[in-house]
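**Student:** Take this structure, written in structure tokens, and hold onto it; I'll ask about it next.
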Amino acid sequence: MNKRKIILLTVDFILAVILVAADQITKYFAILNLKGQSPYTIIDGVFELHYLENRGAAFGMLQEQKFFFIFIAAVILSVIVYVLFKTPYQKMYIKLHITLVFIAGGAIGNLVDRVRYDYVVDFLYFSLIDFPVFNVADIYVTLAAFCLVILLLFVYKESDLEFLTFRTKKFRDLK
């Protein structure tokens, strides 16, 4: 592994730590200031801070499935680490690195909650559209997943991602 690749992976790690820290700090303040309180209105009828202990996944699905969520998070994080290590050090892949680090940061942020509390702390609520209560880690994952889809559909060609294939030299020779 060359020096530039090591620097890029170090930056990835530092960014992930910052993202997880920001998520955990916001959740700490939510617990401290919102738990057991009435929702705090930011924009009347639009947005409020509303403490919720989410023991499920998005929209409250799969309640009380802690070990399932831990397993899924571990799989996702393993895939992300694999891809980050396999990605060539080239400027064109910086967007991919950032996107994957945001997904990892969100996954780790919610994983910390599940391990620590047995639930995820949610506190952001768009009352205007009655959107489920969510948190900063959810924002990371949602926006980054959207960006990943855009990158895969419109930015990277299939040949740009060949470094991820599991083909052996023998298999390529057969083609």
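We name chains A, B, ... following the order of the structure tokens; residues begin at 1 in each chain, and ligands are numbered from 1 as shown.
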Please run DSSP on the backbone and report, as number ranges by chain, all residues within chain A that come out as helix (DSSP H, G or I).
**Tutor:** A: 3-34, 58-60, 66-86, 91-117, 136-155, 158-164, 169-174
**Student:** Which residues come within 10 Å of Gln90 of chain A, counting only C-alpha atoms, excluding same-chain residues fewer than 4 positions away, as a count of residues only?
**Tutor:** 3
**Student:** If I take atom CA of Gln65 of chain A and atom CA of Leu49 of chain A, how far is one from the other in Å, to one decimal?
**Tutor:**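 Pair atom CA of Gln65 of chain A / atom CA of Leu49 of chain A returns 25.5 Å.
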**Student:** What is the atom CA of Glu162 of chain A to atom CA of Phe13 of chain A distance in Å?
**Tutor:** 24.1 Å
**Student:** What's around segment 32-36 of chain A at 10 Å? Count only C-alpha atoms, leave out sequence neighbours fewer than 3 positions away in its own chain, and write the answer as a PyMOL selection string.
**Tutor:** chain A and resi 26-29+39-40+49-53+121+123
**Student:** I'd like to know which of A:Phe154, A:Phe163, A:Phe146, A:Tyr140 is closest to Gly105 of chain A, using only C-alpha atoms.
**Tutor:**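 Closest candidate: A:Tyr140.
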**Student:** Have a look at A:Tyr93, A:Asn110, A:Val101, A:Arg116 and name the one nearest to Val155 of chain A; count only C-alpha atoms.
**Tutor:** A:Tyr93
**Student:** For Ala145 of chain A, which residue out of A:Gln37, A:Ser127, A:Thr99, A:Ser159 is the nearest one, using only C-alpha atoms?
**Tutor:**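 Ranked by minimum distance to Ala145 of chain A, first place goes to A:Thr99.
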**Student:** Quick one: of A:Ala21, A:Leu100, A:Leu148, A:Ile31, who's nearest to Leu77 of chain A, counting only C-alpha atoms?
**Tutor:**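 Between A:Ala21, A:Leu100, A:Leu148, A:Ile31, the residue approaching Leu77 of chain A most closely is A:Leu100.
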**Student:** Applying 12 Å and only C-alpha atoms, which residues near Ile103 of chain A remain after dropping the ones on its own chain fewer than 4 positions away? List them as an MDAnalysis selection string.
**Tutor:** chainID A and resid 12 15:16 19:20 73 76:81 96:99 107:110 136:148
**Student:** So that I can check the surroundings of Tyr125 of chain A, please list as a compact mmCIF listing (two decimals) with N, CA, C and O atoms, in the first residue's frame every protein, DNA and RNA residue that reaches within 7 Å of it, counting only C-alpha atoms and ignoring chain neighbours fewer than 6 positions away.
**Tutor:**
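Writing the result to part.txt gives the following:
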# COMPACT_ATOMS: atom_id res chain seq x y z
N PHE A 47 -41.41 21.57 12.24
CA PHE A 47 -40.25 20.82 12.74
C PHE A 47 -40.14 20.97 14.25
O PHE A 47 -40.29 22.07 14.79
N GLU A 48 -39.87 19.84 14.90
CA GLU A 48 -39.69 19.87 16.35
C GLU A 48 -38.67 18.84 16.81
O GLU A 48 -38.33 17.91 16.07
N LEU A 49 -38.19 19.05 18.01
CA LEU A 49 -37.31 18.08 18.66
C LEU A 49 -38.19 17.24 19.56
O LEU A 49 -38.86 17.75 20.45
N HIS A 50 -38.19 15.94 19.30
CA HIS A 50 -39.13 15.03 19.94
C HIS A 50 -38.36 13.75 20.32
O HIS A 50 -38.02 12.95 19.45
N PHE A 131 -43.34 12.79 9.33
CA PHE A 131 -42.25 11.88 9.01
C PHE A 131 -41.76 11.23 10.31
O PHE A 131 -41.72 11.87 11.35
N PRO A 132 -41.39 9.95 10.28
CA PRO A 132 -40.91 9.31 11.51
C PRO A 132 -39.73 10.07 12.14
O PRO A 132 -38.92 10.66 11.44
N VAL A 133 -39.66 10.01 13.45
CA VAL A 133 -38.59 10.66 14.20
C VAL A 133 -37.27 10.00 13.83
O VAL A 133 -37.19 8.77 13.70
N PHE A 134 -36.22 10.80 13.64
CA PHE A 134 -34.93 10.27 13.21
C PHE A 134 -33.80 11.00 13.93
O PHE A 134 -34.05 11.81 14.82
**Student:** Among chain A, which ones does DSSP place in strand (DSSP E or B), written as a list in words?
**Tutor:**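 Matching residues for strand (DSSP E or B) in chain A are Tyr40, Thr41, Ile42, Ile43, Phe47, Glu48, Leu49, His50, Tyr51, Leu52, Glu53, Asn54, Val120, Val121, Asp122, Phe123, Leu124, Tyr125, Phe126 and Phe134 of chain A.
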**Student:** With C-alpha atoms kept, could you save the residues just selected as a PDB file, in the first residue's frame?
**Tutor:**
ATOM      1  CA  TYR A  40     -39.681  21.337  21.648  1.00  0.00           C
ATOM      2  CA  THR A  41     -41.072  23.221  18.660  1.00  0.00           C
ATOM      3  CA  ILE A  42     -38.491  24.789  16.330  1.00  0.00           C
ATOM      4  CA  ILE A  43     -40.892  25.835  13.547  1.00  0.00           C
ATOM      5  CA  PHE A  47     -40.247  20.822  12.744  1.00  0.00           C
ATOM      6  CA  GLU A  48     -39.689  19.873  16.350  1.00  0.00           C
ATOM      7  CA  LEU A  49     -37.307  18.084  18.659  1.00  0.00           C
ATOM      8  CA  HIS A  50     -39.127  15.025  19.942  1.00  0.00           C
ATOM      9  CA  TYR A  51     -37.302  12.401  22.046  1.00  0.00           C
ATOM     10  CA  LEU A  52     -37.922   8.792  21.052  1.00  0.00           C
ATOM     11  CA  GLU A  53     -36.256   5.501  21.958  1.00  0.00           C
ATOM     12  CA  ASN A  54     -36.393   3.462  18.754  1.00  0.00           C
ATOM     13  CA  VAL A 120     -31.454   4.130  19.065  1.00  0.00           C
ATOM     14  CA  VAL A 121     -32.010   7.686  20.280  1.00  0.00           C
ATOM     15  CA  ASP A 122     -34.121   9.624  17.768  1.00  0.00           C
ATOM     16  CA  PHE A 123     -35.127  13.251  18.238  1.00  0.00           C
ATOM     17  CA  LEU A 124     -35.700  15.082  14.925  1.00  0.00           C
ATOM     18  CA  TYR A 125     -39.299  15.246  13.756  1.00  0.00           C
ATOM     19  CA  PHE A 126     -40.895  16.879  10.704  1.00  0.00           C
ATOM     20  CA  PHE A 134     -34.928  10.274  13.208  1.00  0.00           C
TER      21      PHE A 134
END
**Student:** Pick out the closest residue to Ala104 of chain A from this set: A:Ala30, A:Tyr156, A:Met92, A:Val17. Count only C-alpha atoms.
**Tutor:**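 For Ala104 of chain A, the nearest of the candidates is A:Val17.
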